[in-house]
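Input: a single structure, listed below in structure tokens.
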Amino acid sequence: GLHLRPAGNLCKMAGEFSSHITFKTKSGEANAKSVLSILGACVKKNDEIELICDGVDEKEALEAISEAIENGFEEQ
């Protein structure tokens, strides 16, 4: 799930891109550049999310963030 450490990692990574980055869950939409928004989404392990990137570097952002999420931000 996206507890504080991975939420912080996601926020930091999203902040490296100029694109607007959000994700959708079954309970709503969250701003990937806001730790509070990410935590408020209450994403649990095995929840499905839809990552949405919109802007000049959207392709790079989508690829990098998707890979990081799939790898669990390298956490065990």
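Scheme for the structure tokens: letters A, B, ... for chains in order shown; per-chain residue numbers from 1; ligand numbers from 1 in order shown.
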Next item on the list: May I have the residues within 7 Å of Glu50 (chain A) as a ChimeraX atom specification, using only C-alpha atoms and disregarding those fewer than 4 positions away in the same chain?
Entry: /A:23-25
Item checked: For Ser34 (chain A), the nearest of the candidates A:Gly55, A:Gly72, A:Pro6, A:Gly15, counting only C-alpha atoms ->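 Between A:Gly55, A:Gly72, A:Pro6, A:Gly15, the residue approaching Ser34 (chain A) most closely is A:Gly15.
Of note, CA of Ala32 (chain A) and CA of Ser19 (chain A) are spaced 10.6 Å apart.
Picture a line from CA of Glu74 (chain A) to CA of His3 (chain A); it runs 13.8 Å.
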Checklist line | Shortest interatomic distance to Ser37 (chain A) - which of A:Met13, A:Cys53, A:Leu4, A:Ile69, counting only C-alpha atoms | finding: A:Leu4
Margin query: According to DSSP computed on the backbone, where in chain A is there alpha helix (DSSP H)? Give the residues as number ranges by chain.
Written below: A: 4-15, 35-40, 58-70
Item checked: Which residue of A:Ala14, A:Ile21, A:Ile38, A:Ala7 approaches Asp54 (chain A) most closely, using only C-alpha atoms ->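 Closest candidate: A:Ile21.
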Next item on the list: Taking the chain letters and numbering used in this document, name the residues of chain A that DSSP puts in strand (DSSP E), as a list in words.
Entry: His20, Ile21, Thr22, Phe23, Lys24, Thr25, Gly28, Glu29, Ala30, Asn31, Glu50, Leu51, Ile52, Cys53 and Asp54 of chain A
Do a neighbour search on region 40-48 of chain A at 8 Å with only C-alpha atoms, toss out local chain neighbours closer than 4 positions, and write the hits as a tab-separated table (two decimals) with N, CA and C atoms, in the first residue's frame.
chain	number	residue	atom	x	y	z
A	1	GLY	N	0.82	-1.19	0.00
A	1	GLY	CA	0.00	0.00	0.00
A	1	GLY	C	0.86	1.25	0.00
A	2	LEU	N	0.21	2.38	-0.14
A	2	LEU	CA	0.93	3.65	-0.16
A	2	LEU	C	0.88	4.29	1.22
A	25	THR	N	-8.40	5.89	-8.15
A	25	THR	CA	-8.65	4.66	-7.43
A	25	THR	C	-10.16	4.44	-7.39
A	26	LYS	N	-10.58	3.34	-6.80
A	26	LYS	CA	-12.01	3.09	-6.70
A	26	LYS	C	-12.73	4.14	-5.86
A	27	SER	N	-11.96	4.84	-5.01
A	27	SER	CA	-12.58	5.84	-4.13
A	27	SER	C	-12.44	7.28	-4.61
A	28	GLY	N	-11.73	7.50	-5.73
A	28	GLY	CA	-11.61	8.87	-6.22
A	28	GLY	C	-10.29	9.13	-6.93
A	29	GLU	N	-9.93	10.40	-7.00
A	29	GLU	CA	-8.72	10.82	-7.69
A	29	GLU	C	-7.80	11.54	-6.72
A	30	ALA	N	-6.47	11.36	-6.92
A	30	ALA	CA	-5.50	11.99	-6.03
A	30	ALA	C	-4.41	12.68	-6.84
A	36	LEU	N	-0.36	14.48	1.14
A	36	LEU	CA	-1.65	14.37	1.82
A	36	LEU	C	-2.72	13.81	0.90
Item checked: Shell around Phe73 (chain A) at 9 Å using only C-alpha atoms, local window under 6 positions removed, as number ranges by chain -> A: 6, 9-10, 67
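Note that the spacing between CA of Asn31 (chain A) and CA of Glu70 (chain A) amounts to 18.5 Å.
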